[in-house]
file query_8.txt (compact mmCIF, C-alpha atoms (C1' of nucleotides))
# COMPACT_ATOMS: atom_id res chain seq x y z
CA MET A 1 -5.52 6.22 -11.51
CA ARG A 2 -2.97 7.95 -9.32
CA PHE A 3 -1.79 4.95 -7.30
CA PRO A 4 -1.76 1.84 -9.49
CA LYS A 5 0.60 -0.10 -7.21
CA LEU A 6 -1.66 0.42 -4.24
CA PHE A 7 -4.66 -0.64 -6.28
CA GLU A 8 -2.86 -3.86 -7.25
CA ARG A 9 -2.09 -4.57 -3.68
CA LEU A 10 -5.64 -4.17 -2.46
CA ALA A 11 -7.16 -5.95 -5.44
CA SER A 12 -5.04 -8.98 -4.55
CA LEU A 13 -6.98 -9.25 -1.27
CA THR A 14 -10.43 -9.12 -2.80
CA PRO A 15 -11.83 -8.24 -6.24
CA LEU A 16 -11.95 -4.45 -6.42
CA PRO A 17 -13.65 -2.77 -9.39
CA PRO A 18 -11.48 0.05 -10.79
CA GLU A 19 -14.42 2.47 -10.70
CA GLU A 20 -14.78 1.87 -6.96
CA TRP A 21 -11.08 2.48 -6.53
CA ALA A 22 -11.48 5.75 -8.43
CA LYS A 23 -14.05 6.87 -5.85
CA ALA A 24 -11.60 6.05 -3.08
CA GLU A 25 -8.82 8.01 -4.71
CA ALA A 26 -11.20 10.94 -5.04
CA VAL A 27 -11.72 11.20 -1.28
CA ALA A 28 -8.11 10.45 -0.28
CA LYS A 29 -5.63 13.23 0.42
CA GLU A 30 -1.86 13.05 0.27
CA GLN A 31 0.08 14.27 3.27
CA SER A 32 3.80 14.71 3.78
CA LEU A 33 5.43 14.33 7.18
CA ALA A 34 8.85 15.36 8.36
CA LYS A 35 11.01 13.03 10.42
CA ARG A 36 9.61 12.87 13.98
CA GLU A 37 6.32 14.41 12.92
CA LEU A 38 3.19 12.71 14.27
CA PHE A 39 0.45 11.39 12.02
CA MET A 40 -1.69 10.83 15.10
CA ARG A 41 -1.25 11.72 18.73
CA PRO A 42 -2.81 10.27 21.88
CA GLY A 43 -6.16 11.87 22.51
CA ASP A 44 -6.89 12.51 18.84
CA ALA A 45 -10.15 11.16 17.47
CA ALA A 46 -9.45 7.88 15.70
CA ASP A 47 -11.40 9.02 12.65
CA ARG A 48 -8.84 8.59 9.91
CA PHE A 49 -6.21 6.19 8.68
CA ALA A 50 -3.67 6.17 5.90
CA VAL A 51 -1.55 4.06 3.61
CA VAL A 52 2.18 4.67 3.69
CA LEU A 53 3.42 5.75 0.26
CA GLN A 54 6.96 6.46 1.36
CA GLY A 55 8.79 6.22 4.69
CA VAL A 56 8.51 4.30 7.96
CA PHE A 57 6.27 4.87 10.99
CA ARG A 58 6.14 3.55 14.51
CA GLY A 59 2.96 3.09 16.52
CA VAL A 60 3.66 3.92 20.14
CA ARG A 61 1.30 3.08 22.95
CA MET A 62 1.61 5.41 25.90
CA SER A 63 0.84 3.43 29.03
CA PRO A 64 -0.68 5.32 31.95
CA ARG A 65 2.55 4.70 33.91
CA GLY A 66 4.57 6.73 31.42
CA GLY A 67 6.08 3.69 29.73
CA GLU A 68 6.24 3.63 25.94
CA SER A 69 5.83 0.41 24.06
CA ILE A 70 5.84 -0.05 20.33
CA LYS A 71 2.92 -1.81 18.75
CA ALA A 72 4.18 -1.95 15.20
CA PHE A 73 6.38 -0.50 12.53
CA ARG A 74 4.76 0.35 9.23
CA ALA A 75 6.53 0.92 5.92
CA GLU A 76 5.52 1.40 2.29
CA GLY A 77 2.18 -0.14 1.34
CA GLU A 78 1.04 -0.71 4.92
CA LEU A 79 -1.77 0.90 6.90
CA ILE A 80 -1.30 3.33 9.74
CA GLY A 81 -4.02 4.35 12.17
CA ALA A 82 -5.40 3.70 15.63
CA TYR A 83 -7.31 0.68 14.40
CA ALA A 84 -8.39 -0.84 17.71
CA GLU A 85 -9.56 2.52 19.03
CA MET A 86 -11.44 3.23 15.78
CA LEU A 87 -13.32 -0.05 16.12
CA GLN A 88 -14.21 0.74 19.71
CA GLN A 89 -14.98 4.38 18.95
CA LEU A 90 -12.47 5.53 21.50
CA PRO A 91 -9.99 8.37 21.22
CA SER A 92 -6.56 7.23 20.12
CA MET A 93 -4.21 5.98 22.83
CA THR A 94 -1.49 5.66 20.27
CA ALA A 95 1.03 8.04 18.79
CA ILE A 96 2.00 7.36 15.20
CA GLU A 97 5.30 8.93 14.34
CA ALA A 98 7.29 9.19 11.12
CA LEU A 99 10.83 7.85 11.55
CA GLU A 100 11.83 9.31 8.19
CA PRO A 101 10.49 12.03 5.93
CA SER A 102 7.33 10.30 4.71
CA ARG A 103 4.30 10.57 2.49
CA VAL A 104 0.95 8.99 3.21
CA LEU A 105 -2.47 8.75 1.59
CA VAL A 106 -5.10 9.72 4.13
CA PHE A 107 -8.71 8.52 4.33
CA GLN A 108 -11.41 9.77 6.66
CA THR A 109 -13.24 6.87 8.30
CA ARG A 110 -16.49 8.65 7.45
CA ASP A 111 -15.65 8.69 3.75
CA PHE A 112 -14.71 5.06 3.83
CA GLN A 113 -18.02 4.15 5.44
CA ALA A 114 -19.76 5.96 2.59
CA LEU A 115 -17.84 3.77 0.13
CA GLU A 116 -18.96 0.68 2.04
CA ARG A 117 -22.58 1.66 1.61
CA GLY A 118 -21.98 1.96 -2.14
CA HIS A 119 -20.42 -1.43 -2.86
CA VAL A 120 -19.80 -4.68 -0.96
CA CYS A 121 -16.20 -4.89 -2.12
CA TRP A 122 -15.25 -2.44 0.63
CA GLU A 123 -16.93 -4.56 3.26
CA ARG A 124 -14.91 -7.54 2.05
CA LEU A 125 -11.73 -5.56 2.01
CA ALA A 126 -12.33 -4.36 5.55
CA ARG A 127 -12.87 -7.95 6.56
CA ARG A 128 -9.64 -9.11 4.97
CA VAL A 129 -7.77 -6.30 6.65
CA ALA A 130 -9.23 -7.18 10.04
CA GLU A 131 -8.36 -10.82 9.52
CA GLN A 132 -4.79 -10.04 8.52
CA HIS A 133 -4.31 -7.80 11.51
CA PHE A 134 -5.66 -10.54 13.71
CA VAL A 135 -3.25 -13.11 12.32
CA LEU A 136 -0.31 -10.80 12.89
CA LYS A 137 -1.30 -10.04 16.47
CA GLU A 138 -1.83 -13.69 17.23
CA ARG A 139 1.60 -14.51 15.87
CA ARG A 140 3.11 -11.86 18.10
CA GLU A 141 1.17 -13.11 21.11
CA GLN A 142 2.57 -16.55 20.53
CA GLU A 143 6.08 -15.15 20.35
CA PHE A 144 5.65 -13.54 23.75
CA LEU A 145 4.31 -16.79 25.16
CA ASP A 146 7.04 -19.14 24.09
CA LEU A 147 10.09 -17.28 22.85
CA SER A 148 12.89 -15.64 24.83
CA ALA A 149 13.85 -12.04 24.15
CA GLU A 150 16.81 -13.22 22.12
CA GLU A 151 14.69 -15.52 19.98
CA ARG A 152 12.18 -12.73 19.44
CA LEU A 153 14.98 -10.50 18.24
CA VAL A 154 16.20 -13.02 15.69
CA LYS A 155 12.68 -13.54 14.42
CA PHE A 156 12.11 -9.81 14.22
CA TRP A 157 14.96 -9.31 11.78
CA GLU A 158 13.99 -12.36 9.79
CA GLU A 159 10.51 -10.97 9.34
CA HIS A 160 11.39 -7.31 8.83
CA PRO A 161 14.63 -7.21 6.84
CA HIS A 162 13.43 -4.10 5.01
CA LEU A 163 13.61 -2.14 8.29
CA LYS A 164 17.36 -2.74 8.70
CA GLY A 165 19.08 0.56 9.26
CA ARG A 166 15.85 2.55 9.25
CA ILE A 167 14.81 2.24 12.89
CA PRO A 168 16.83 3.01 16.02
CA GLN A 169 17.81 0.13 18.30
CA ARG A 170 15.87 1.50 21.23
CA ASP A 171 12.68 1.20 19.23
CA VAL A 172 13.40 -2.41 18.41
CA ALA A 173 13.83 -2.97 22.15
CA ALA A 174 10.50 -1.30 22.91
CA TYR A 175 8.90 -3.48 20.27
CA LEU A 176 10.36 -6.65 21.78
CA GLY A 177 9.18 -5.65 25.25
CA ILE A 178 12.65 -5.12 26.75
CA THR A 179 14.84 -2.10 27.49
CA GLU A 180 17.51 -0.81 25.16
CA VAL A 181 20.09 -1.85 27.76
CA ALA A 182 18.93 -5.45 27.65
CA LEU A 183 18.88 -5.42 23.87
CA SER A 184 22.40 -4.07 23.72
CA ARG A 185 23.53 -6.91 25.98
CA ILE A 186 21.80 -9.52 23.85
CA VAL A 187 23.44 -8.18 20.72
CA SER A 188 26.92 -8.16 22.27
CA ARG A 189 26.34 -11.66 23.68
CA ARG A 190 25.54 -12.85 20.16
CA ARG A 191 28.55 -11.05 18.72
CA LYS A 192 30.81 -12.83 21.18
CA ARG A 193 29.23 -16.23 20.69
CA ALA A 194 29.85 -15.87 16.94
CA GLU A 195 33.53 -15.05 17.77
CA MET B 1 -35.55 -21.39 16.19
CA ARG B 2 -33.53 -23.74 18.35
CA PHE B 3 -31.08 -21.23 19.80
CA PRO B 4 -32.78 -17.90 20.38
CA LYS B 5 -30.16 -16.64 22.83
CA LEU B 6 -27.38 -17.22 20.35
CA PHE B 7 -29.39 -15.47 17.65
CA GLU B 8 -29.82 -12.45 19.93
CA ARG B 9 -26.13 -12.33 20.58
CA LEU B 10 -25.15 -12.38 16.93
CA ALA B 11 -27.90 -10.01 15.85
CA SER B 12 -26.51 -7.47 18.30
CA LEU B 13 -23.31 -7.37 16.22
CA THR B 14 -25.00 -6.79 12.87
CA PRO B 15 -28.59 -7.00 11.58
CA LEU B 16 -29.30 -10.68 10.97
CA PRO B 17 -32.57 -11.70 9.25
CA PRO B 18 -34.24 -14.58 11.11
CA GLU B 19 -34.61 -16.54 7.87
CA GLU B 20 -30.85 -16.41 7.37
CA TRP B 21 -30.36 -17.61 10.90
CA ALA B 22 -32.71 -20.49 10.19
CA LYS B 23 -30.42 -21.56 7.33
CA ALA B 24 -27.47 -21.49 9.68
CA GLU B 25 -29.23 -23.60 12.28
CA ALA B 26 -30.09 -26.07 9.54
CA VAL B 27 -26.42 -26.77 8.75
CA ALA B 28 -25.17 -26.71 12.35
CA LYS B 29 -24.76 -29.87 14.39
CA GLU B 30 -24.74 -30.21 18.14
CA GLN B 31 -21.86 -32.10 19.72
CA SER B 32 -21.24 -33.14 23.31
CA LEU B 33 -17.77 -33.44 24.76
CA ALA B 34 -16.61 -35.10 27.96
CA LYS B 35 -14.16 -33.40 30.29
CA ARG B 36 -10.67 -33.53 28.72
CA GLU B 37 -12.07 -34.42 25.31
CA LEU B 38 -10.62 -32.51 22.35
CA PHE B 39 -12.77 -30.51 19.95
CA MET B 40 -9.75 -30.08 17.73
CA ARG B 41 -6.26 -31.49 17.82
CA PRO B 42 -3.01 -30.25 16.30
CA GLY B 43 -2.74 -31.42 12.72
CA ASP B 44 -6.51 -31.45 12.13
CA ALA B 45 -7.79 -29.50 9.16
CA ALA B 46 -9.06 -26.12 10.41
CA ASP B 47 -12.31 -26.55 8.51
CA ARG B 48 -14.87 -26.14 11.26
CA PHE B 49 -15.63 -24.01 14.27
CA ALA B 50 -18.27 -23.97 16.97
CA VAL B 51 -20.14 -21.90 19.48
CA VAL B 52 -20.00 -23.05 23.08
CA LEU B 53 -23.49 -23.81 24.38
CA GLN B 54 -22.34 -25.15 27.70
CA GLY B 55 -18.95 -25.63 29.34
CA VAL B 56 -15.45 -24.16 29.12
CA PHE B 57 -12.63 -24.81 26.65
CA ARG B 58 -8.97 -23.98 26.49
CA GLY B 59 -7.06 -23.34 23.29
CA VAL B 60 -3.56 -24.73 23.66
CA ARG B 61 -0.77 -23.95 21.26
CA MET B 62 1.85 -26.66 21.10
CA SER B 63 5.19 -25.04 20.43
CA PRO B 64 7.75 -27.07 18.49
CA ARG B 65 9.90 -27.14 21.66
CA GLY B 66 7.25 -29.11 23.53
CA GLY B 67 6.05 -26.12 25.53
CA GLU B 68 2.33 -25.59 25.91
CA SER B 69 0.90 -22.13 26.05
CA ILE B 70 -2.72 -21.17 26.34
CA LYS B 71 -4.14 -18.81 23.77
CA ALA B 72 -7.58 -18.39 25.26
CA PHE B 73 -10.35 -19.77 27.41
CA ARG B 74 -13.79 -19.91 25.89
CA ALA B 75 -17.07 -20.28 27.74
CA GLU B 76 -20.78 -20.12 26.91
CA GLY B 77 -21.63 -18.02 23.87
CA GLU B 78 -18.06 -17.76 22.61
CA LEU B 79 -16.46 -19.22 19.49
CA ILE B 80 -13.96 -22.05 19.45
CA GLY B 81 -11.81 -22.99 16.48
CA ALA B 82 -8.36 -22.60 14.99
CA TYR B 83 -9.24 -19.21 13.57
CA ALA B 84 -5.80 -18.01 12.52
CA GLU B 85 -5.01 -21.31 10.83
CA MET B 86 -8.39 -21.30 9.08
CA LEU B 87 -7.68 -17.86 7.64
CA GLN B 88 -4.28 -18.99 6.43
CA GLN B 89 -5.58 -22.35 5.21
CA LEU B 90 -3.11 -24.18 7.39
CA PRO B 91 -3.68 -27.28 9.48
CA SER B 92 -4.46 -26.50 13.10
CA MET B 93 -1.53 -25.97 15.43
CA THR B 94 -3.90 -25.71 18.32
CA ALA B 95 -5.58 -28.21 20.58
CA ILE B 96 -9.00 -27.21 21.85
CA GLU B 97 -9.94 -29.10 24.95
CA ALA B 98 -13.06 -29.21 27.08
CA LEU B 99 -12.32 -28.46 30.73
CA GLU B 100 -15.80 -29.56 31.74
CA PRO B 101 -18.48 -31.73 30.17
CA SER B 102 -19.58 -29.43 27.36
CA ARG B 103 -21.94 -28.96 24.46
CA VAL B 104 -21.14 -27.03 21.31
CA LEU B 105 -22.86 -26.09 18.06
CA VAL B 106 -20.58 -27.00 15.16
CA PHE B 107 -20.36 -25.33 11.74
CA GLN B 108 -18.36 -26.48 8.75
CA THR B 109 -16.40 -23.59 7.26
CA ARG B 110 -17.62 -24.74 3.84
CA ASP B 111 -21.25 -24.42 4.89
CA PHE B 112 -20.62 -20.98 6.32
CA GLN B 113 -19.04 -19.83 3.07
CA ALA B 114 -22.18 -20.97 1.29
CA LEU B 115 -24.24 -18.78 3.63
CA GLU B 116 -21.94 -15.87 2.83
CA ARG B 117 -22.66 -16.24 -0.84
CA GLY B 118 -26.38 -16.11 -0.10
CA HIS B 119 -26.56 -12.93 1.97
CA VAL B 120 -24.21 -10.08 2.90
CA CYS B 121 -25.16 -10.22 6.56
CA TRP B 122 -22.74 -13.13 7.00
CA GLU B 123 -19.93 -11.19 5.46
CA ARG B 124 -20.60 -8.39 7.93
CA LEU B 125 -20.81 -10.77 10.82
CA ALA B 126 -17.50 -12.32 9.84
CA ARG B 127 -16.01 -8.87 9.73
CA ARG B 128 -17.27 -8.00 13.19
CA VAL B 129 -15.93 -11.24 14.55
CA ALA B 130 -12.52 -10.62 13.01
CA GLU B 131 -12.49 -7.11 14.40
CA GLN B 132 -13.44 -8.25 17.88
CA HIS B 133 -10.79 -10.93 17.87
CA PHE B 134 -8.27 -8.34 16.77
CA VAL B 135 -9.19 -5.97 19.58
CA LEU B 136 -8.82 -8.75 22.14
CA LYS B 137 -5.43 -9.83 20.83
CA GLU B 138 -4.19 -6.28 20.75
CA ARG B 139 -5.27 -5.80 24.34
CA ARG B 140 -3.36 -8.91 25.34
CA GLU B 141 -0.32 -7.81 23.40
CA GLN B 142 -0.33 -4.55 25.28
CA GLU B 143 -0.56 -6.42 28.58
CA PHE B 144 2.56 -8.38 27.73
CA LEU B 145 4.35 -5.21 26.76
CA ASP B 146 3.75 -3.15 29.85
CA LEU B 147 2.37 -5.24 32.68
CA SER B 148 4.19 -7.51 35.11
CA ALA B 149 3.04 -11.08 35.62
CA GLU B 150 1.31 -10.06 38.83
CA GLU B 151 -0.55 -7.22 37.16
CA ARG B 152 -1.58 -9.53 34.34
CA LEU B 153 -2.97 -11.95 36.90
CA VAL B 154 -5.09 -9.30 38.59
CA LYS B 155 -6.41 -8.13 35.24
CA PHE B 156 -7.16 -11.69 34.20
CA TRP B 157 -9.52 -12.26 37.10
CA GLU B 158 -11.10 -8.85 36.67
CA GLU B 159 -11.88 -9.68 33.07
CA HIS B 160 -12.86 -13.32 33.48
CA PRO B 161 -14.70 -13.59 36.80
CA HIS B 162 -16.99 -16.24 35.31
CA LEU B 163 -14.03 -18.63 35.03
CA LYS B 164 -13.37 -18.62 38.79
CA GLY B 165 -13.19 -22.19 40.00
CA ARG B 166 -13.66 -23.68 36.55
CA ILE B 167 -10.05 -23.73 35.34
CA PRO B 168 -6.97 -25.20 37.05
CA GLN B 169 -4.30 -22.81 38.27
CA ARG B 170 -1.66 -24.25 36.00
CA ASP B 171 -3.71 -23.25 32.99
CA VAL B 172 -3.99 -19.71 34.24
CA ALA B 173 -0.21 -19.71 34.52
CA ALA B 174 0.19 -20.98 30.96
CA TYR B 175 -2.18 -18.25 29.83
CA LEU B 176 -0.18 -15.56 31.61
CA GLY B 177 3.05 -16.84 30.11
CA ILE B 178 4.60 -18.06 33.38
CA THR B 179 4.99 -21.42 35.12
CA GLU B 180 2.61 -22.76 37.74
CA VAL B 181 5.41 -22.41 40.29
CA ALA B 182 5.76 -18.71 39.59
CA LEU B 183 2.02 -18.24 39.75
CA SER B 184 1.82 -20.01 43.08
CA ARG B 185 4.51 -17.66 44.42
CA ILE B 186 2.69 -14.61 43.17
CA VAL B 187 -0.52 -15.72 44.80
CA SER B 188 1.13 -16.42 48.16
CA ARG B 189 3.00 -13.11 47.97
CA ARG B 190 -0.33 -11.36 47.53
CA ARG B 191 -1.91 -13.34 50.37
CA LYS B 192 0.88 -12.24 52.70
CA ARG B 193 0.81 -8.61 51.61
CA ALA B 194 -2.92 -8.56 52.37
CA GLU B 195 -2.09 -9.95 55.88
C1' DC C 1 -9.36 -47.68 55.25
C1' DC C 2 -5.46 -46.95 52.75
C1' DT C 3 -3.26 -45.74 48.49
C1' DC C 4 -2.51 -43.47 44.45
C1' DC C 5 -2.88 -39.58 41.58
C1' DG C 6 -3.59 -34.88 40.24
C1' DC C 7 -2.82 -30.45 41.67
C1' DC C 8 -0.73 -27.11 44.36
C1' DT C 9 2.94 -25.22 47.41
C1' DT C 10 7.58 -24.35 49.17
C1' DA C 11 12.48 -24.07 49.06
C1' DA C 12 17.18 -23.54 46.92
C1' DC C 13 19.67 -22.08 43.25
C1' DC C 14 20.52 -19.87 38.77
C1' DC C 15 20.00 -16.53 35.18
C1' DG C 16 17.96 -12.96 32.28
C1' DG C 17 16.42 -8.58 32.32
C1' DG C 18 15.49 -4.00 35.01
C1' DT C 19 17.58 0.00 36.96
C1' DC C 20 20.96 3.42 37.71
C1' DA C 21 24.97 5.47 36.38
C1' DA C 22 29.06 6.36 33.78
C1' DG C 23 31.17 6.60 29.48
C1' DC C 24 31.80 6.28 24.28
C1' DC C 25 31.23 7.80 19.70
C1' DA C 26 29.62 10.15 15.63
C1' DA C 27 26.91 14.06 13.68
C1' DG C 28 25.66 18.85 13.85
C1' DG C 29 25.76 23.35 15.35
C1' DT C 30 28.48 27.49 16.66
C1' DA D 1 38.15 23.19 16.63
C1' DC D 2 34.83 22.95 20.36
C1' DC D 3 30.81 21.52 22.61
C1' DT D 4 26.32 19.61 22.46
C1' DT D 5 23.18 16.03 21.57
C1' DG D 6 21.40 11.57 20.65
C1' DG D 7 22.11 6.84 20.44
C1' DC D 8 24.54 2.96 22.03
C1' DT D 9 27.43 0.30 25.38
C1' DT D 10 29.15 -1.36 29.77
C1' DG D 11 29.26 -2.33 34.64
C1' DA D 12 27.24 -3.20 39.29
C1' DC D 13 23.51 -4.58 41.71
C1' DC D 14 18.79 -6.32 42.48
C1' DC D 15 14.73 -8.94 41.68
C1' DG D 16 11.34 -11.84 39.38
C1' DG D 17 10.71 -15.92 37.24
C1' DG D 18 12.69 -20.67 35.58
C1' DT D 19 14.19 -25.13 37.12
C1' DT D 20 14.42 -28.91 39.98
C1' DA D 21 13.00 -31.38 43.69
C1' DA D 22 10.59 -32.35 47.78
C1' DG D 23 6.48 -32.43 50.23
C1' DG D 24 1.25 -31.50 51.25
C1' DC D 25 -3.51 -32.38 50.49
C1' DG D 26 -7.89 -33.83 48.87
C1' DG D 27 -10.58 -36.90 45.94
C1' DA D 28 -11.31 -41.39 43.45
C1' DG D 29 -10.72 -46.16 43.48
C1' DG D 30 -9.12 -50.52 45.26
call {"tool": "encode", "arguments": {"input": "query_8.txt", "output": "structure tokens"}}
result
Amino acid sequence: MRFPKLFERLASLTPLPPEEWAKAEAVAKEQSLAKRELFMRPGDAADRFAVVLQGVFRGVRMSPRGGESIKAFRAEGELIGAYAEMLQQLPSMTAIEALEPSRVLVFQTRDFQALERGHVCWERLARRVAEQHFVLKERREQEFLDLSAEERLVKFWEEHPHLKGRIPQRDVAAYLGITEVALSRIVSRRRKRAE
Amino acid sequence: MRFPKLFERLASLTPLPPEEWAKAEAVAKEQSLAKRELFMRPGDAADRFAVVLQGVFRGVRMSPRGGESIKAFRAEGELIGAYAEMLQQLPSMTAIEALEPSRVLVFQTRDFQALERGHVCWERLARRVAEQHFVLKERREQEFLDLSAEERLVKFWEEHPHLKGRIPQRDVAAYLGITEVALSRIVSRRRKRAE
DNA sequence: CCTCCGCCTTAACCCGGGTCAAGCCAAGGT
DNA sequence: ACCTTGGCTTGACCCGGGTTAAGGCGGAGG
């Protein structure tokens, strides 16, 4: 078993026989990415995904109007991939970029589907993953609906302390749905208020 | 088979043996709700969900600060329930209210889990449902990130033409994340611009 | 018929965030 | 040591949406 920690993590979501995990490891490939290198770019087929072994990524949605907004940051142990596009069988509209030198474990969707046919545990795992993603998105939706930008900022750092110092401020702004200028003002406002 | 249309709809997501569907119908109960009646209220256990047979519902999240925001509208053929809370085994933080006299088909989560143990098709169906919900939430997230309130309004009516005339304007506003005053202004602005 | 109520609109005022532009600072490259 | 470069800050100005408050209007009930 090459990735025991990852196995632990997944097995905590749903029972996962070690021999099934061995099959998964057999089809997965490690990939290293330099800082700023893209794991996926807009227009790519959404036919693979990966687990972050080391590093941090940002998922950037390119809007038709040229605006960039950040869908999520992903660090060690988390999944990267154009999940929504994969489910809809659309080409990726998302760029996934390494913010640090990173290593990931890549799976082809096709290979994963083969695993699913072999054992129900993969079906269950996929379900858990979908459910978790849903819960996260719903939480974020709610934050947009009833929190101010400043409150969203506070919550962001409460929920992602491990990202401190690893992501540029402008990306935090794009994640919160404001500009870096506005974020800078909020931060200085808070500095002042705290004397 | 009491609900052939519903069966069709679900079977289009994943193969669903009619005999399994029969078991589901056996545990489901019909319920009628008057206008303004609540299918679920905040604090209730999130241990049941339903399919709308007739009518429209709104899912309202009560924020601690007394604000109400609308998570979704649900009409015929769609699911209602505190899905996120169910997944997290939390009590509902959502009120689900009938906006018209309505009929729904209610399932106890417990009963559905029993079905899952009996046949994998339910596991698959649950996965598809989770995935669909995820895709919808992600779409909405993206709208908050790079659309103005006016653009969100236009998109809302494009995507929900069947709700025209069935939901009060103030609820549309709460769904878009603005006040009814702001919505009224946007509408009149658009009226003027169109001469 | 009139009144009340629910729902929507309009107006005045304020404030947060967008936009544009200038400037600061630290890290790297030459 | 110098000049880029990237990332952050600050200021001035504008605009959209929040807030509050005052009507308008149509439907239900007395």
call {"tool": "closest_atom_pairs", "arguments": {"input": "query_8.txt", "of": "chain A", "to": "chain D", "cutoff": "9 Å", "atoms": "all atoms listed in the file", "output": "CSV"}}
result
residue,atom,partner,partner_atom,distance
A:Pro168,CA,D:DG7,C1',7.9
A:Gln169,CA,D:DC8,C1',8.2
A:Arg170,CA,D:DG7,C1',8.3
A:Glu180,CA,D:DC8,C1',8.6
A:Val181,CA,D:DT9,C1',8.0
A:Ser184,CA,D:DT9,C1',6.9
A:Arg185,CA,D:DT9,C1',8.2
call {"tool": "interface_residues", "arguments": {"input": "query_8.txt", "of": "chain A", "to": "chain B", "cutoff": "8 Å", "atoms": "all atoms listed in the file", "output": "list in words"}}
result
Ser63, Gly67, Ser69, Lys71, Ala84, Leu87, Val120, Glu123, Arg124, Ala126, Arg127, Arg128, Ala130, Glu131, His133, Phe134, Val135, Lys137, Glu138, Arg140, Glu141, Gln142, Phe144, Leu145, Asp146, Leu176 and Gly177 of chain A
call {"tool": "closest_atom_pairs", "arguments": {"input": "query_8.txt", "of": "chain C", "to": "chain A", "cutoff": "9 Å", "atoms": "all atoms listed in the file", "output": "CSV"}}
result
residue,atom,partner,partner_atom,distance
C:DG16,C1',A:Ala182,CA,8.9
C:DG17,C1',A:Ala182,CA,6.2
C:DG18,C1',A:Thr179,CA,7.8
call {"tool": "closest_residue", "arguments": {"input": "query_8.txt", "among": "B:Val106, B:Val187, B:Leu16, B:Leu163", "to": "C:DC8", "atoms": "all atoms listed in the file"}}
result
B:Val187
call {"tool": "residues_around", "arguments": {"input": "query_8.txt", "residues": "A:His119", "least_positions_apart": "3", "cutoff": "12 Å", "atoms": "all atoms listed in the file", "output": "number ranges by chain"}}
result
A: 15-17, 19-21, 23-24, 112-116, 122-125; B: 120
call {"tool": "atom_distance", "arguments": {"input": "query_8.txt", "atom1": "atom CA of B:Pro91", "atom2": "atom CA of B:Ala50"}}
result
16.7 Å
call {"tool": "atom_distance", "arguments": {"input": "query_8.txt", "atom1": "atom CA of A:Ala95", "atom2": "atom CA of A:Gly59"}}
result
5.8 Å
call {"tool": "atom_distance", "arguments": {"input": "query_8.txt", "atom1": "atom CA of A:Asp47", "atom2": "atom CA of B:Ser12"}}
result
23.1 Å
